[in-house]
Amino acid sequence: MTVQEYNQSVTNYSDDVYRFIVKNLGHSEDARDIVQSSFLTVWDKREEVEVTKCKSFLFTVAYRKMIDHIRKRKRETLKEEIHEQALGDTGHRKDLRDLLNKALQALPAIQRQLVLLRDYEGYSYDEMQQITGIDSTQVKVYLHRARIGLKQAITKLEEQV
């Protein structure tokens, strides 16, 4: 893609991408940031992107950036809620957090990683497969075993307390 073709794609598609993102997010400033970041990605990959496929590539990039933004916002909201709850009952929350961390550490590394990806970060099974390189069926098996292991470890740790 040449510089002129890139500039033409900005002219042709920026409004469409912005409308798509702002309708999904409902926040214009975040939508502008995502659109700008998406065009920056297209610029960085301009040598690889064909002009005829620029629109679909741009929408794919924008969609993925929007999903990442939504996930990040959910994690931040969850962290704030947890922090507010922790202020009200610090001792009990700390004990639960310590118990869960000990139970997580008792798991094999791959199971612990999958639990963190799925339950803490919110990734889908397919995304977890892409991240870890493990077959999606095996991801499900490891995750199932990890949850059983967590349950057993928590029960065992609670009995010790």
# chains A, B, ... in the order shown; residues from 1 in each chain; ligands from 1
>>> residues_around(residues="Leu25 of chain A", least_positions_apart="2", cutoff="12 Å", atoms="only C-alpha atoms", output="ChimeraX atom specification")
/A:18-23,27-34,62-63,65-71,73
>>> select_by_dssp(residues="segment 37-87 of chain A", states="alpha helix (DSSP H)", output="PyMOL selection string")
chain A and resi 37-44+54-87
>>> write_last_selection(atoms="N, CA and C atoms", output="compact mmCIF listing (two decimals), in the first residue's frame")
# COMPACT_ATOMS: atom_id res chain seq x y z
N SER A 37 -5.68 4.49 16.82
CA SER A 37 -4.78 3.37 17.04
C SER A 37 -4.90 2.35 15.91
N SER A 38 -6.09 2.14 15.41
CA SER A 38 -6.32 1.20 14.31
C SER A 38 -5.62 1.67 13.04
N PHE A 39 -5.75 2.95 12.73
CA PHE A 39 -5.07 3.47 11.55
C PHE A 39 -3.56 3.43 11.71
N LEU A 40 -3.09 3.61 12.92
CA LEU A 40 -1.66 3.49 13.18
C LEU A 40 -1.18 2.06 12.90
N THR A 41 -1.97 1.08 13.29
CA THR A 41 -1.64 -0.31 13.01
C THR A 41 -1.63 -0.57 11.51
N VAL A 42 -2.60 -0.02 10.79
CA VAL A 42 -2.62 -0.18 9.33
C VAL A 42 -1.37 0.47 8.73
N TRP A 43 -1.01 1.62 9.24
CA TRP A 43 0.20 2.30 8.74
C TRP A 43 1.44 1.42 8.97
N ASP A 44 1.53 0.85 10.17
CA ASP A 44 2.67 0.00 10.48
C ASP A 44 2.74 -1.24 9.59
N CYS A 54 -7.98 -3.48 2.47
CA CYS A 54 -7.69 -2.51 3.52
C CYS A 54 -8.89 -2.30 4.45
N LYS A 55 -10.08 -2.18 3.89
CA LYS A 55 -11.26 -1.92 4.70
C LYS A 55 -11.52 -3.06 5.68
N SER A 56 -11.48 -4.29 5.21
CA SER A 56 -11.74 -5.42 6.11
C SER A 56 -10.63 -5.55 7.15
N PHE A 57 -9.39 -5.30 6.74
CA PHE A 57 -8.27 -5.35 7.70
C PHE A 57 -8.46 -4.27 8.76
N LEU A 58 -8.82 -3.09 8.33
CA LEU A 58 -9.02 -1.97 9.26
C LEU A 58 -10.15 -2.27 10.25
N PHE A 59 -11.27 -2.79 9.77
CA PHE A 59 -12.37 -3.10 10.67
C PHE A 59 -12.00 -4.24 11.63
N THR A 60 -11.23 -5.20 11.16
CA THR A 60 -10.79 -6.29 12.03
C THR A 60 -9.90 -5.75 13.15
N VAL A 61 -8.96 -4.90 12.79
CA VAL A 61 -8.06 -4.31 13.78
C VAL A 61 -8.87 -3.47 14.77
N ALA A 62 -9.77 -2.64 14.26
CA ALA A 62 -10.57 -1.78 15.13
C ALA A 62 -11.45 -2.61 16.07
N TYR A 63 -12.04 -3.67 15.54
CA TYR A 63 -12.89 -4.53 16.37
C TYR A 63 -12.08 -5.15 17.49
N ARG A 64 -10.91 -5.67 17.18
CA ARG A 64 -10.07 -6.30 18.21
C ARG A 64 -9.60 -5.29 19.25
N LYS A 65 -9.27 -4.10 18.82
CA LYS A 65 -8.86 -3.07 19.76
C LYS A 65 -10.04 -2.67 20.66
N MET A 66 -11.24 -2.64 20.09
CA MET A 66 -12.43 -2.32 20.87
C MET A 66 -12.67 -3.41 21.92
N ILE A 67 -12.54 -4.67 21.54
CA ILE A 67 -12.72 -5.77 22.49
C ILE A 67 -11.69 -5.68 23.61
N ASP A 68 -10.43 -5.41 23.25
CA ASP A 68 -9.39 -5.25 24.26
C ASP A 68 -9.72 -4.10 25.20
N HIS A 69 -10.24 -3.01 24.65
CA HIS A 69 -10.60 -1.85 25.47
C HIS A 69 -11.73 -2.20 26.44
N ILE A 70 -12.73 -2.92 25.95
CA ILE A 70 -13.86 -3.33 26.80
C ILE A 70 -13.37 -4.24 27.93
N ARG A 71 -12.52 -5.19 27.60
CA ARG A 71 -11.98 -6.09 28.63
C ARG A 71 -11.18 -5.32 29.67
N LYS A 72 -10.37 -4.40 29.20
CA LYS A 72 -9.56 -3.61 30.13
C LYS A 72 -10.46 -2.79 31.05
N ARG A 73 -11.49 -2.21 30.48
CA ARG A 73 -12.41 -1.40 31.29
C ARG A 73 -13.14 -2.27 32.32
N LYS A 74 -13.51 -3.50 31.94
CA LYS A 74 -14.17 -4.40 32.88
C LYS A 74 -13.23 -4.78 34.02
N ARG A 75 -11.96 -5.06 33.68
CA ARG A 75 -10.98 -5.41 34.71
C ARG A 75 -10.78 -4.24 35.67
N GLU A 76 -10.69 -3.03 35.12
CA GLU A 76 -10.50 -1.86 35.98
C GLU A 76 -11.70 -1.66 36.90
N THR A 77 -12.90 -1.84 36.37
CA THR A 77 -14.11 -1.71 37.17
C THR A 77 -14.13 -2.77 38.26
N LEU A 78 -13.78 -4.00 37.89
CA LEU A 78 -13.75 -5.09 38.85
C LEU A 78 -12.72 -4.82 39.95
N LYS A 79 -11.55 -4.33 39.57
CA LYS A 79 -10.52 -4.01 40.55
C LYS A 79 -11.00 -2.93 41.51
N GLU A 80 -11.70 -1.92 40.98
CA GLU A 80 -12.23 -0.85 41.84
C GLU A 80 -13.26 -1.41 42.81
N GLU A 81 -14.14 -2.28 42.32
CA GLU A 81 -15.15 -2.88 43.18
C GLU A 81 -14.51 -3.73 44.28
N ILE A 82 -13.52 -4.50 43.89
CA ILE A 82 -12.82 -5.34 44.86
C ILE A 82 -12.13 -4.47 45.90
N HIS A 83 -11.51 -3.40 45.43
CA HIS A 83 -10.82 -2.49 46.35
C HIS A 83 -11.82 -1.86 47.33
N GLU A 84 -12.98 -1.43 46.83
CA GLU A 84 -13.99 -0.83 47.70
C GLU A 84 -14.51 -1.85 48.72
N GLN A 85 -14.72 -3.08 48.28
CA GLN A 85 -15.17 -4.12 49.18
C GLN A 85 -14.09 -4.44 50.21
N ALA A 86 -12.87 -4.44 49.77
CA ALA A 86 -11.76 -4.78 50.67
C ALA A 86 -11.61 -3.73 51.77
N LEU A 87 -11.92 -2.50 51.47
CA LEU A 87 -11.83 -1.45 52.49
C LEU A 87 -12.82 -1.70 53.61
>>> closest_residue(among="A:Thr132, A:Tyr123, A:Ile148, A:Val139", to="Ala106 of chain A", atoms="only C-alpha atoms")
A:Ile148
